[in-house]
Every structure is written in structure tokens, then in C-alpha cells.
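Here is run.txt, consisting of compact mmCIF, C-alpha atoms:
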# COMPACT_ATOMS: atom_id res chain seq x y z
CA MET A 9 28.26 -33.94 -17.74
CA THR A 10 24.88 -32.68 -16.48
CA THR A 11 23.61 -29.48 -18.05
CA ALA A 12 22.22 -26.95 -15.59
CA PRO A 13 18.52 -26.23 -16.14
CA ALA A 14 17.68 -22.99 -17.91
CA PRO A 15 16.46 -20.30 -15.54
CA ILE A 16 12.84 -19.21 -15.29
CA ARG A 17 12.75 -15.56 -16.28
CA ILE A 18 10.19 -13.20 -14.70
CA GLY A 19 9.84 -9.77 -16.30
CA TYR A 20 8.43 -6.48 -15.09
CA CYS A 21 9.16 -2.80 -14.58
CA LEU A 22 9.45 -0.65 -11.46
CA SER A 23 9.68 3.11 -10.98
CA LEU A 24 13.27 2.96 -9.72
CA THR A 25 13.72 6.66 -10.47
CA GLY A 26 11.14 9.42 -10.26
CA SER A 27 8.56 10.27 -7.60
CA LEU A 28 7.69 6.66 -6.73
CA ALA A 29 11.27 5.45 -6.49
CA ASP A 30 11.45 5.01 -2.69
CA ASN A 31 8.66 2.46 -2.53
CA SER A 32 9.71 0.81 -5.79
CA ARG A 33 13.26 0.25 -4.54
CA SER A 34 11.88 -1.35 -1.37
CA ALA A 35 9.81 -3.65 -3.55
CA ARG A 36 12.90 -4.54 -5.59
CA LEU A 37 14.79 -5.62 -2.47
CA ALA A 38 11.81 -7.67 -1.25
CA HIS A 39 11.66 -9.39 -4.64
CA GLU A 40 15.38 -10.13 -4.52
CA ILE A 41 15.02 -11.69 -1.06
CA TRP A 42 12.19 -13.86 -2.41
CA ARG A 43 14.33 -14.89 -5.40
CA GLU A 44 17.22 -15.86 -3.13
CA ASP A 45 14.85 -17.79 -0.87
CA ILE A 46 13.19 -19.72 -3.70
CA ASN A 47 16.51 -20.49 -5.38
CA SER A 48 17.98 -21.76 -2.10
CA ARG A 49 15.15 -24.30 -2.08
CA GLY A 50 15.82 -25.49 -5.63
CA GLY A 51 14.00 -22.81 -7.60
CA LEU A 52 10.66 -23.11 -9.36
CA LEU A 53 9.91 -26.37 -11.15
CA GLY A 54 13.52 -27.37 -10.41
CA ARG A 55 14.88 -24.32 -12.24
CA PRO A 56 16.55 -21.18 -10.84
CA VAL A 57 14.64 -17.91 -11.06
CA GLU A 58 15.94 -14.72 -12.65
CA PHE A 59 14.33 -11.29 -12.95
CA VAL A 60 14.36 -9.17 -16.08
CA ARG A 61 13.60 -5.74 -14.68
CA TYR A 62 13.44 -2.28 -16.27
CA ASP A 63 13.05 1.20 -14.80
CA ASP A 64 9.90 2.94 -16.05
CA GLN A 65 11.13 6.19 -14.41
CA GLY A 66 7.66 6.81 -13.00
CA ASN A 67 6.52 7.55 -16.56
CA ALA A 68 3.36 5.66 -17.45
CA ASP A 69 3.98 6.26 -21.17
CA LEU A 70 7.06 4.01 -21.05
CA VAL A 71 5.26 1.03 -19.53
CA PRO A 72 3.52 -0.51 -22.61
CA GLY A 73 6.78 -0.57 -24.56
CA ILE A 74 8.63 -2.19 -21.68
CA TYR A 75 6.14 -5.06 -21.46
CA GLU A 76 6.15 -5.51 -25.22
CA ARG A 77 9.95 -5.80 -25.06
CA LEU A 78 9.78 -8.25 -22.15
CA ILE A 79 7.37 -10.54 -24.00
CA ASP A 80 8.55 -10.24 -27.59
CA GLU A 81 12.31 -9.66 -27.29
CA ASP A 82 13.32 -10.94 -23.87
CA LYS A 83 10.93 -13.91 -24.16
CA VAL A 84 10.31 -14.00 -20.41
CA ASP A 85 8.38 -16.95 -19.02
CA LEU A 86 6.19 -14.80 -16.77
CA VAL A 87 5.33 -11.15 -16.29
CA ILE A 88 4.24 -9.45 -13.09
CA GLY A 89 2.98 -5.95 -12.33
CA GLY A 90 5.22 -3.26 -10.96
CA TYR A 91 4.35 -0.93 -8.07
CA GLY A 92 1.24 1.22 -8.10
CA THR A 93 -1.60 2.15 -10.40
CA ASN A 94 0.71 4.38 -12.46
CA THR A 95 2.71 1.31 -13.56
CA VAL A 96 0.13 -1.48 -13.47
CA LEU A 97 -2.73 0.19 -15.36
CA PRO A 98 -0.83 1.17 -18.54
CA ALA A 99 0.48 -2.40 -18.87
CA MET A 100 -3.01 -3.87 -18.94
CA PRO A 101 -3.98 -3.43 -22.64
CA LEU A 102 -0.98 -5.47 -23.78
CA ILE A 103 -1.46 -8.02 -20.99
CA VAL A 104 -5.08 -8.48 -22.06
CA GLU A 105 -4.10 -8.76 -25.73
CA ARG A 106 -1.47 -11.43 -24.96
CA GLU A 107 -3.74 -13.20 -22.41
CA ARG A 108 -1.06 -13.21 -19.73
CA PHE A 109 -1.44 -14.11 -16.07
CA PHE A 110 -0.71 -10.87 -14.21
CA VAL A 111 -0.34 -10.14 -10.49
CA GLY A 112 -0.03 -6.40 -9.82
CA LEU A 113 1.43 -4.72 -6.75
CA MET A 114 -0.72 -2.08 -5.00
CA GLY A 115 -2.68 -0.97 -8.04
CA LEU A 116 -5.96 0.52 -6.82
CA GLY A 117 -9.06 -0.44 -8.79
CA VAL A 118 -7.00 -1.29 -11.88
CA ASN A 119 -9.46 -3.89 -13.20
CA ASN A 120 -12.72 -2.05 -12.43
CA ALA A 121 -13.45 -1.25 -16.07
CA LEU A 122 -11.45 -3.93 -17.90
CA LEU A 123 -12.78 -6.94 -15.96
CA TYR A 124 -9.85 -8.98 -17.25
CA PRO A 125 -10.12 -12.50 -15.75
CA ASN A 126 -6.36 -13.13 -15.56
CA TYR A 127 -5.55 -10.10 -13.37
CA PHE A 128 -4.93 -10.33 -9.62
CA ALA A 129 -4.25 -7.51 -7.17
CA MET A 130 -1.74 -7.68 -4.32
CA ILE A 131 -3.41 -5.00 -2.22
CA PRO A 132 -5.70 -5.66 0.77
CA THR A 133 -8.46 -3.24 -0.25
CA GLY A 134 -10.85 -6.02 -1.30
CA PRO A 135 -13.62 -5.96 -3.91
CA ASP A 136 -14.61 -2.31 -3.22
CA PRO A 137 -11.24 -0.52 -2.95
CA ASN A 138 -12.58 3.04 -2.68
CA ALA A 139 -14.75 2.22 0.32
CA ALA A 140 -12.29 -0.13 2.05
CA LEU A 141 -9.44 2.36 2.11
CA THR A 142 -11.45 4.89 4.10
CA GLU A 143 -14.18 2.99 5.94
CA GLY A 144 -12.20 2.26 9.10
CA PHE A 145 -11.71 5.98 9.77
CA PHE A 146 -15.43 6.68 9.72
CA ALA A 147 -16.42 3.43 11.44
CA ILE A 148 -14.30 4.09 14.50
CA ALA A 149 -15.27 7.78 14.57
CA ALA A 150 -18.94 6.80 14.69
CA GLU A 151 -18.27 4.71 17.82
CA GLN A 152 -16.94 7.64 19.87
CA SER A 153 -18.75 9.69 22.48
CA PRO A 154 -19.82 12.35 21.84
CA ARG A 155 -20.47 11.03 18.37
CA PRO A 156 -18.92 13.18 15.61
CA GLU A 157 -21.54 14.63 13.31
CA THR A 158 -19.58 16.53 10.65
CA VAL A 159 -16.47 16.11 8.50
CA ALA A 160 -14.23 18.29 6.35
CA LEU A 161 -12.67 16.59 3.30
CA VAL A 162 -9.33 18.06 2.23
CA SER A 163 -7.34 16.53 -0.61
CA ALA A 164 -4.55 17.17 -3.05
CA ASP A 165 -5.77 18.09 -6.51
CA ALA A 166 -4.26 14.98 -8.08
CA GLU A 167 -5.28 11.68 -9.67
CA PHE A 168 -4.38 9.55 -6.64
CA SER A 169 -6.85 11.40 -4.38
CA ARG A 170 -9.99 11.02 -6.47
CA ASN A 171 -10.94 7.46 -5.54
CA PRO A 172 -10.30 7.85 -1.78
CA ILE A 173 -12.45 11.00 -1.72
CA ILE A 174 -15.26 9.12 -3.49
CA GLY A 175 -14.93 6.42 -0.82
CA ALA A 176 -14.83 8.98 1.99
CA LYS A 177 -18.07 10.59 0.82
CA ALA A 178 -19.79 7.22 0.61
CA ASN A 179 -18.60 6.23 4.07
CA ALA A 180 -19.55 9.57 5.60
CA GLU A 181 -23.08 9.02 4.31
CA LYS A 182 -23.08 5.40 5.48
CA TYR A 183 -22.20 6.40 9.05
CA GLY A 184 -24.46 9.44 9.16
CA ILE A 185 -21.68 12.06 9.17
CA LYS A 186 -22.37 15.24 7.22
CA VAL A 187 -19.78 16.72 4.86
CA VAL A 188 -19.65 20.43 5.77
CA HIS A 189 -16.47 21.41 3.90
CA GLU A 190 -14.65 20.05 0.86
CA ALA A 191 -11.49 21.50 -0.67
CA ALA A 192 -8.70 20.47 -3.02
CA TYR A 193 -5.31 22.21 -2.95
CA PRO A 194 -2.63 22.23 -5.68
CA LEU A 195 0.32 19.89 -5.12
CA SER A 196 2.53 22.96 -5.37
CA THR A 197 1.02 24.40 -2.15
CA GLU A 198 3.60 25.39 0.46
CA ASP A 199 1.54 27.44 2.92
CA PHE A 200 -1.26 25.32 4.39
CA ALA A 201 -2.44 27.85 6.98
CA PRO A 202 -5.26 29.11 4.69
CA VAL A 203 -6.36 25.50 4.11
CA ILE A 204 -6.70 24.91 7.86
CA ASP A 205 -8.31 28.35 8.33
CA ALA A 206 -11.08 27.29 5.96
CA VAL A 207 -11.58 24.00 7.77
CA ALA A 208 -11.71 25.81 11.11
CA GLU A 209 -14.45 28.09 9.78
CA SER A 210 -16.56 25.01 9.06
CA GLY A 211 -16.19 23.85 12.67
CA SER A 212 -16.11 20.23 11.51
CA ASP A 213 -15.75 17.42 14.04
CA LEU A 214 -13.53 15.32 11.76
CA LEU A 215 -10.76 16.33 9.37
CA PHE A 216 -10.27 13.77 6.60
CA LEU A 217 -7.02 14.25 4.69
CA CYS A 218 -6.04 12.70 1.38
CA SER A 219 -2.57 14.16 1.04
CA TYR A 220 0.78 13.32 -0.52
CA LEU A 221 4.23 13.07 1.08
CA ALA A 222 5.35 16.67 1.58
CA ASP A 223 1.87 18.13 1.98
CA SER A 224 0.98 15.59 4.70
CA ILE A 225 3.70 17.16 6.83
CA GLY A 226 2.68 20.69 5.88
CA LEU A 227 -0.96 20.09 6.73
CA VAL A 228 -0.25 18.60 10.15
CA ARG A 229 2.23 21.36 11.01
CA ALA A 230 -0.38 23.97 10.08
CA LEU A 231 -3.04 22.21 12.13
CA ARG A 232 -0.86 21.86 15.22
CA SER A 233 -0.01 25.58 15.14
CA HIS A 234 -3.69 26.50 14.78
CA GLU A 235 -6.15 26.90 17.66
CA PHE A 236 -8.72 24.72 15.84
CA ARG A 237 -8.89 21.15 17.15
CA PRO A 238 -10.98 18.60 15.26
CA LYS A 239 -11.84 15.43 17.17
CA MET A 240 -10.11 13.10 14.67
CA VAL A 241 -7.55 13.75 11.92
CA GLY A 242 -6.18 11.62 9.08
CA GLY A 243 -7.73 8.87 7.00
CA ALA A 244 -5.98 8.61 3.63
CA MET A 245 -2.66 10.40 4.02
CA ILE A 246 0.21 9.13 1.89
CA GLY A 247 3.46 9.54 3.79
CA PRO A 248 3.03 8.30 7.37
CA GLN A 249 3.55 4.72 6.11
CA ASN A 250 7.11 5.64 5.07
CA THR A 251 9.81 5.41 7.74
CA ALA A 252 11.68 8.54 6.61
CA VAL A 253 8.46 10.55 6.66
CA ARG A 254 7.58 9.19 10.11
CA THR A 255 10.91 10.24 11.53
CA GLU A 256 10.57 13.69 9.96
CA PHE A 257 7.09 14.05 11.46
CA GLY A 258 8.19 12.84 14.89
CA PRO A 259 5.73 13.91 17.62
CA LEU A 260 3.57 15.74 15.07
CA LEU A 261 2.17 12.30 14.25
CA ASN A 262 0.63 11.84 17.68
CA GLY A 263 -3.13 11.50 17.42
CA VAL A 264 -3.23 11.05 13.64
CA VAL A 265 -5.39 8.12 12.50
CA ASN A 266 -4.44 6.79 9.08
CA TYR A 267 -4.59 3.75 6.83
CA GLU A 268 -1.96 1.02 6.72
CA TYR A 269 -1.80 -2.34 4.94
CA TRP A 270 0.39 -4.06 7.54
CA ALA A 271 1.66 -3.19 11.00
CA PRO A 272 4.07 -4.99 13.40
CA VAL A 273 1.36 -5.92 15.90
CA PRO A 274 0.63 -9.42 17.27
CA LYS A 275 -2.41 -10.12 15.10
CA MET A 276 -0.51 -9.31 11.90
CA MET A 277 2.55 -11.48 12.57
CA PHE A 278 1.76 -14.06 9.93
CA PRO A 279 4.15 -16.99 9.31
CA GLY A 280 7.39 -15.83 7.73
CA VAL A 281 6.82 -12.08 7.92
CA GLU A 282 9.15 -11.46 10.85
CA GLU A 283 11.98 -13.38 9.19
CA LEU A 284 11.39 -11.49 5.94
CA LEU A 285 11.54 -8.09 7.61
CA ASN A 286 14.65 -9.05 9.56
CA ALA A 287 16.37 -10.02 6.30
CA TYR A 288 15.20 -6.83 4.61
CA GLN A 289 16.21 -4.54 7.47
CA GLU A 290 19.71 -6.03 7.61
CA ARG A 291 20.22 -4.86 4.02
CA ALA A 292 18.07 -1.73 3.91
CA GLY A 293 20.71 0.76 5.05
CA GLU A 294 23.29 -0.34 2.52
CA ALA A 295 20.65 -0.50 -0.22
CA GLY A 296 19.45 3.02 0.57
CA VAL A 297 15.81 2.02 0.98
CA ASP A 298 13.12 2.48 3.64
CA LEU A 299 14.77 1.24 6.83
CA LEU A 300 11.79 -0.73 8.17
CA GLY A 301 9.84 -1.73 5.05
CA HIS A 302 6.53 -2.27 6.83
CA TYR A 303 4.39 -0.75 4.07
CA MET A 304 5.87 -2.29 0.94
CA VAL A 305 7.88 -5.38 1.77
CA PRO A 306 5.27 -7.92 2.99
CA LEU A 307 3.03 -7.22 0.00
CA ALA A 308 5.87 -7.37 -2.54
CA TYR A 309 7.10 -10.69 -1.14
CA ALA A 310 3.53 -12.06 -1.00
CA GLN A 311 3.08 -11.09 -4.66
CA MET A 312 5.87 -13.49 -5.57
CA GLN A 313 4.57 -16.20 -3.23
CA VAL A 314 1.26 -16.18 -5.12
CA VAL A 315 3.05 -16.46 -8.48
CA ALA A 316 5.26 -19.30 -7.25
CA GLN A 317 2.43 -21.30 -5.73
CA ALA A 318 0.37 -21.01 -8.92
CA VAL A 319 3.32 -22.09 -11.10
CA ASP A 320 4.11 -25.05 -8.85
CA ALA A 321 0.48 -26.17 -8.75
CA THR A 322 -0.10 -25.95 -12.51
CA ASP A 323 3.40 -27.13 -13.47
CA GLY A 324 3.95 -24.38 -16.02
CA PHE A 325 3.33 -20.86 -17.31
CA ASP A 326 0.06 -21.12 -19.20
CA GLY A 327 -1.92 -17.97 -18.43
CA ALA A 328 -5.34 -19.60 -18.45
CA SER A 329 -4.23 -22.44 -16.16
CA LEU A 330 -2.48 -20.12 -13.72
CA SER A 331 -5.48 -17.81 -13.59
CA ALA A 332 -8.00 -20.61 -13.12
CA TYR A 333 -5.96 -21.86 -10.17
CA ALA A 334 -5.59 -18.39 -8.64
CA ARG A 335 -9.33 -17.73 -8.83
CA GLU A 336 -10.16 -20.83 -6.82
CA GLU A 337 -7.39 -21.29 -4.26
CA THR A 338 -6.35 -19.71 -0.98
CA PHE A 339 -2.68 -18.68 -0.86
CA PRO A 340 -0.72 -18.79 2.41
CA THR A 341 1.61 -15.77 2.37
CA VAL A 342 3.53 -13.45 4.69
CA MET A 343 0.40 -11.25 4.50
CA GLY A 344 -1.71 -14.11 5.83
CA ASP A 345 -4.07 -16.23 3.75
CA VAL A 346 -5.02 -14.47 0.53
CA ARG A 347 -8.04 -15.39 -1.55
CA PHE A 348 -9.00 -13.52 -4.69
CA GLY A 349 -12.52 -12.53 -5.61
CA ALA A 350 -14.27 -10.16 -7.98
CA LYS A 351 -12.06 -8.39 -10.53
CA GLY A 352 -9.00 -10.13 -9.07
CA GLU A 353 -9.14 -8.08 -5.85
CA TRP A 354 -8.86 -9.76 -2.46
CA SER A 355 -12.16 -11.42 -1.61
CA GLU A 356 -12.18 -9.66 1.79
CA PRO A 357 -10.64 -6.28 2.63
CA ARG A 358 -7.93 -6.12 5.29
CA VAL A 359 -7.12 -2.41 5.49
CA LEU A 360 -5.96 -1.16 8.89
CA GLN A 361 -6.42 2.20 10.55
CA VAL A 362 -3.63 3.01 12.98
CA GLN A 363 -3.28 5.85 15.45
CA PHE A 364 0.14 7.21 16.28
CA GLN A 365 0.60 7.48 20.02
CA ARG A 366 3.48 8.43 22.34
CA VAL A 367 5.88 9.28 19.51
CA SER A 368 8.84 11.15 20.99
CA GLY A 369 11.69 12.65 19.04
CA HIS A 370 12.66 11.48 15.57
CA GLU A 371 14.37 8.14 16.19
CA VAL A 372 13.60 5.24 13.82
CA GLY A 373 13.63 2.44 16.40
CA GLN A 374 10.44 3.56 18.15
CA PHE A 375 8.45 2.49 15.07
CA GLN A 376 9.98 -0.97 14.93
CA ASN A 377 7.59 -2.96 17.11
CA GLY A 378 4.17 -1.34 16.75
CA SER A 379 4.19 0.37 20.15
CA ARG A 380 3.81 3.79 18.52
CA GLN A 381 1.39 2.88 15.72
CA ILE A 382 -1.65 1.34 17.40
CA VAL A 383 -4.11 -0.58 15.21
CA VAL A 384 -7.54 0.79 16.13
CA SER A 385 -9.56 -0.73 13.26
CA PRO A 386 -10.77 -3.29 12.31
CA PRO A 387 -11.53 -4.86 15.71
CA GLU A 388 -10.14 -8.28 14.77
CA SER A 389 -6.70 -6.77 14.15
CA SER A 390 -6.66 -4.14 16.90
CA SER A 391 -3.67 -3.69 19.20
CA GLY A 392 -4.97 -0.96 21.50
CA GLU A 393 -7.53 1.77 22.14
CA LEU A 394 -8.13 4.96 20.21
CA ILE A 395 -7.19 8.16 22.05
CA PHE A 396 -10.13 10.51 21.48
CA PRO A 397 -10.36 13.38 20.88
CA TYR A 398 -7.29 14.17 18.78
CA ALA A 399 -5.88 16.82 21.12
CA GLU A 400 -5.58 14.37 24.03
CA ALA A 401 -2.98 12.36 22.10
CA PHE A 402 -0.44 15.18 22.26
CA ALA A 403 -1.59 17.03 25.41
CA ALA A 404 1.26 15.54 27.44
CA GLU A 405 4.08 16.36 24.99
Would you mind writing the file's structure down as C-alpha cells?
Amino acid sequence: MTTAPAPIRIGYCLSLTGSLADNSRSARLAHEIWREDINSRGGLLGRPVEFVRYDDQGNADLVPGIYERLIDEDKVDLVIGGYGTNTVLPAMPLIVERERFFVGLMGLGVNNALLYPNYFAMIPTGPDPNAALTEGFFAIAAEQSPRPETVALVSADAEFSRNPIIGAKANAEKYGIKVVHEAAYPLSTEDFAPVIDAVAESGSDLLFLCSYLADSIGLVRALRSHEFRPKMVGGAMIGPQNTAVRTEFGPLLNGVVNYEYWAPVPKMMFPGVEELLNAYQERAGEAGVDLLGHYMVPLAYAQMQVVAQAVDATDGFDGASLSAYAREETFPTVMGDVRFGAKGEWSEPRVLQVQFQRVSGHEVGQFQNGSRQIVVSPPESSSGELIFPYAEAFAAE
């Protein structure tokens, strides 16, 4: 009688409850689809794959203990990073101490200070994350006629906004655009009319927003009801990447230019990504997760592709061997070819800026194929032309 091979166990935590739960649950489903795919092909190293997964509840203080449990009690073969800086960063001291190979998911600048050689980032912001996240907004603004000369920077007073604002200031200077107004509002803000009043007083050509989910909607509503019309709006808003937020916005999104990591446009249809999203979307409704998955799913699946390719190539789980391989190789993934560079970030940034155009009503399907979110930067990934100035994008509503 043949004994079945012991499973390979991969451990990590996700914020399955708390403020980051929506994106984390999308990542969980993407990981499960990867696990089913790899096991249908015979597993890794001829062994089936299992996940050992805990909920960190969006509480960074719980993360170190979870990884200590995974390594010391659960005896997992591999560990990976959960979703976002809030989960990845607090795991790092233990990961460094135990010299583990570690691929994080969407942590921004996690390894800037640590410089840990066995860390790798599944986020397309490249070796200078602060600049890459915001550069496309300023680059395309600088190409317009008449050329914008001034910008207002408005952000939530929160940890997540600090790095994008640093990047926005650097890019404004790089492209010769003067910062004439800067303000931070509390996350508890409900009335954004005074925020827009202050921007209007500055008369800025551009309005750069670094906002969170609910306040993104509040800011755009306040702007649309105001007589002030900047020439471009958006940049680093968290929210428009999420399908539920998009459908709540509806036509309010028209004209907004904002970052994305992936979009369903021809130049981003890398091998396997369409099949992945089809599989995800068939299960998304029942699973109660983001119905389209464009923001989270390709990166979460690609995270596991990198891990699998490194394990297969090195024939094991040794952290030093896996990391040496990952530093030198190019990984074909559903996010395209990924190569890691300084600090474990992608060697080249691949952040998109999209403009929402011709959004009508609040129906999900209009966001399915990229006809409403037009990639306007960088040029090599573009799918259409920027509508400029901002007001022209909704003049026909």
C-alpha cells in the first residue's frame, strides 16, 4: 500500500475581519484558487499544498505572535506575508530573526529600513514606491495644454497617506508644478465642503487626493456640488479600485484620474489572468467578496506563483536558497514577468493611472472590461486618451 505524501504547509495571516477585511478576503479566495490549481497538477515537489491561515483582525499587535505560532508550533514549511503594510511590517522582525524567505502582498516600502535580503514585495511600485505610486498623475498632467502650474494636496490624517504625500511633493517638484495648498483632514470627517472651499480659495489647477474609502466618496461629492473645477482630480485615492465603491460612486467617478495596479485592458492581459478572474468571479458572489477582483486577485495569485517557482527550482524550503534564486530570476506570472531588485521591490515600477469615463448608473458590469476605466499612464500600457480638463468628462451627463 502506497502512503500518500505529506502535504506542504504554507502559513500566514490575513485581516479577515476589521477594516481591511474586504481586500483580505479577496486575497484568500485567490490563494485558494491557486492551491486548487497547483494541486490539480500534482502539487509542489509531488506533494499537495495546504494553507495554515489565521485572522489577525486588522490588529498589527497580533501579527508577531501568529508567525511565531506558525513557525514554532504549526511547523509550517513556508511562510508568506499577508495583505498590506499593517500585516507585513510587524511580521518582519521574527522573519529576519528566523532567516525565512518571505514574499509579502502589497506592503508599501516595508523593507526600506530593514534591508532584509530574503524579503520580496508583490506590489508593482518598484524600487522607489513613494514616487512610483504618484508619478503618473503628475507626468500626464504636465503633458496637457494649457499646462497645469499649481496643485493642492489633500490627504487623510493617517499613516497610509504619509508616503504618497511625500511622493506627490517630490513629483510636483520634478514636473515643475507648485504646491499652493496642503491640508490633512481627520478620518472622522463627514462634511467635506469646507475642505473643498479651502482648495477653491487656492485656485489650484490640480487637486491631488490621498483619501480612504468613505472619504473618497465624500470628497468627490463635495467637489461635484461646488462651483470650483480643477483641471485634474485624483492621484492616490483608496476606494475606486474596489468594485463596491465604484458602484456606489457611479457617475461621480467620471473624470477622476487615480492609481491602479492592474486593469482589464489589452496590454495588461497577461497569460492566465483572464482564466483566473473568470474562476474568481464565478465564486465571488457566494463568497461575499469583491465581485470583480481586479485590484487584489492578480497580485495575490502571482504571489503564490513566485513562491511555487522558487520552491520547484531549488527543490526545497531553504530560505537562503529560495532567496538567492528569487533575486536573480524573472518570474512569469498573471501580472506579467516579475523581476525583483533593490530591497526586494520590483526592479521596474508598473503602476497605472486610469481615468474613469462614461460611467452611467451604478451597475457592476460596466467595469468588467475596461471600457469605463481608461489607462492613461504609462504610455506603454495605455488604452485611451485622457479627457482634459476634468469638467469635460462629466459635461454630457
Take the point (2.9, 2.2, -17.0) as written in the file and pick out every residue within 10 Å of it, counting all atoms listed in the file; give the list as a PDB file with C-alpha atoms, keeping the file's coordinate frame.
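As a result, out19.pdb now contains:
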ATOM      1  CA  CYS A  21       9.160  -2.800 -14.580  1.00  0.00           C
ATOM      2  CA  LEU A  22       9.450  -0.650 -11.460  1.00  0.00           C
ATOM      3  CA  SER A  23       9.680   3.110 -10.980  1.00  0.00           C
ATOM      4  CA  ASP A  64       9.900   2.940 -16.050  1.00  0.00           C
ATOM      5  CA  GLN A  65      11.130   6.190 -14.410  1.00  0.00           C
ATOM      6  CA  GLY A  66       7.660   6.810 -13.000  1.00  0.00           C
ATOM      7  CA  ASN A  67       6.520   7.550 -16.560  1.00  0.00           C
ATOM      8  CA  ALA A  68       3.360   5.660 -17.450  1.00  0.00           C
ATOM      9  CA  ASP A  69       3.980   6.260 -21.170  1.00  0.00           C
ATOM     10  CA  LEU A  70       7.060   4.010 -21.050  1.00  0.00           C
ATOM     11  CA  VAL A  71       5.260   1.030 -19.530  1.00  0.00           C
ATOM     12  CA  PRO A  72       3.520  -0.510 -22.610  1.00  0.00           C
ATOM     13  CA  GLY A  73       6.780  -0.570 -24.560  1.00  0.00           C
ATOM     14  CA  ILE A  74       8.630  -2.190 -21.680  1.00  0.00           C
ATOM     15  CA  TYR A  75       6.140  -5.060 -21.460  1.00  0.00           C
ATOM     16  CA  GLY A  89       2.980  -5.950 -12.330  1.00  0.00           C
ATOM     17  CA  GLY A  90       5.220  -3.260 -10.960  1.00  0.00           C
ATOM     18  CA  TYR A  91       4.350  -0.930  -8.070  1.00  0.00           C
ATOM     19  CA  GLY A  92       1.240   1.220  -8.100  1.00  0.00           C
ATOM     20  CA  THR A  93      -1.600   2.150 -10.400  1.00  0.00           C
ATOM     21  CA  ASN A  94       0.710   4.380 -12.460  1.00  0.00           C
ATOM     22  CA  THR A  95       2.710   1.310 -13.560  1.00  0.00           C
ATOM     23  CA  VAL A  96       0.130  -1.480 -13.470  1.00  0.00           C
ATOM     24  CA  LEU A  97      -2.730   0.190 -15.360  1.00  0.00           C
ATOM     25  CA  PRO A  98      -0.830   1.170 -18.540  1.00  0.00           C
ATOM     26  CA  ALA A  99       0.480  -2.400 -18.870  1.00  0.00           C
ATOM     27  CA  MET A 100      -3.010  -3.870 -18.940  1.00  0.00           C
TER      28      MET A 100
END
Residue contacts of range 36-45 of chain A (7 Å, all atoms listed in the file) excluding same-chain residues fewer than 6 positions away, as a PyMOL selection string: chain A and resi 57+288+305+308-309
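Between CA of Arg291 in chain A and CA of Leu28 in chain A lies a distance of 20.1 Å.
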Closest of A:Arg17, A:Asn138, A:Asp345, A:Cys218 to Ser169 in chain A - atom-to-atom distances counting only C-alpha atoms: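 Between A:Arg17, A:Asn138, A:Asp345, A:Cys218, the residue approaching Ser169 in chain A most closely is A:Cys218.
Of the listed residues (A:Val319, A:Ala12, A:Leu113, A:Ala140), A:Leu113 comes nearest to Tyr127 in chain A; the distances count all atoms listed in the file.
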Between CA of Val384 in chain A and CA of Thr338 in chain A - distance in Å to one decimal: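 Going from CA of Thr338 in chain A over to CA of Val384 in chain A covers 26.7 Å.
The smallest atom-to-atom distance between Thr11 in chain A and any of A:Tyr220, A:Phe278, A:Arg55, A:Leu300, using all atoms listed in the file, is found for A:Arg55.
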Under the rule of at most 8 Å, produce a per-residue listing of range 346-381 of chain A near range 142-159 of chain A: chain, number, name, the closest pair of atoms, and the distance in Å, as JSON lines, using only C-alpha atoms.
{"residue": "A:Val359", "atom": "CA", "partner": "A:Gly144", "partner_atom": "CA", "distance": 7.8}
{"residue": "A:Leu360", "atom": "CA", "partner": "A:Gly144", "partner_atom": "CA", "distance": 7.1}
{"residue": "A:Gln361", "atom": "CA", "partner": "A:Gly144", "partner_atom": "CA", "distance": 6.0}
Best match for closeness to Arg237 in chain A among A:Leu195, A:Val87, A:Ala399, A:Ala29, counting all atoms listed in the file: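 Counting all atoms listed in the file, the residue closest to Arg237 in chain A is A:Ala399.
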Length of the CA of Ser391 in chain A to CA of Gly134 in chain A vector [Å]: 21.8 Å
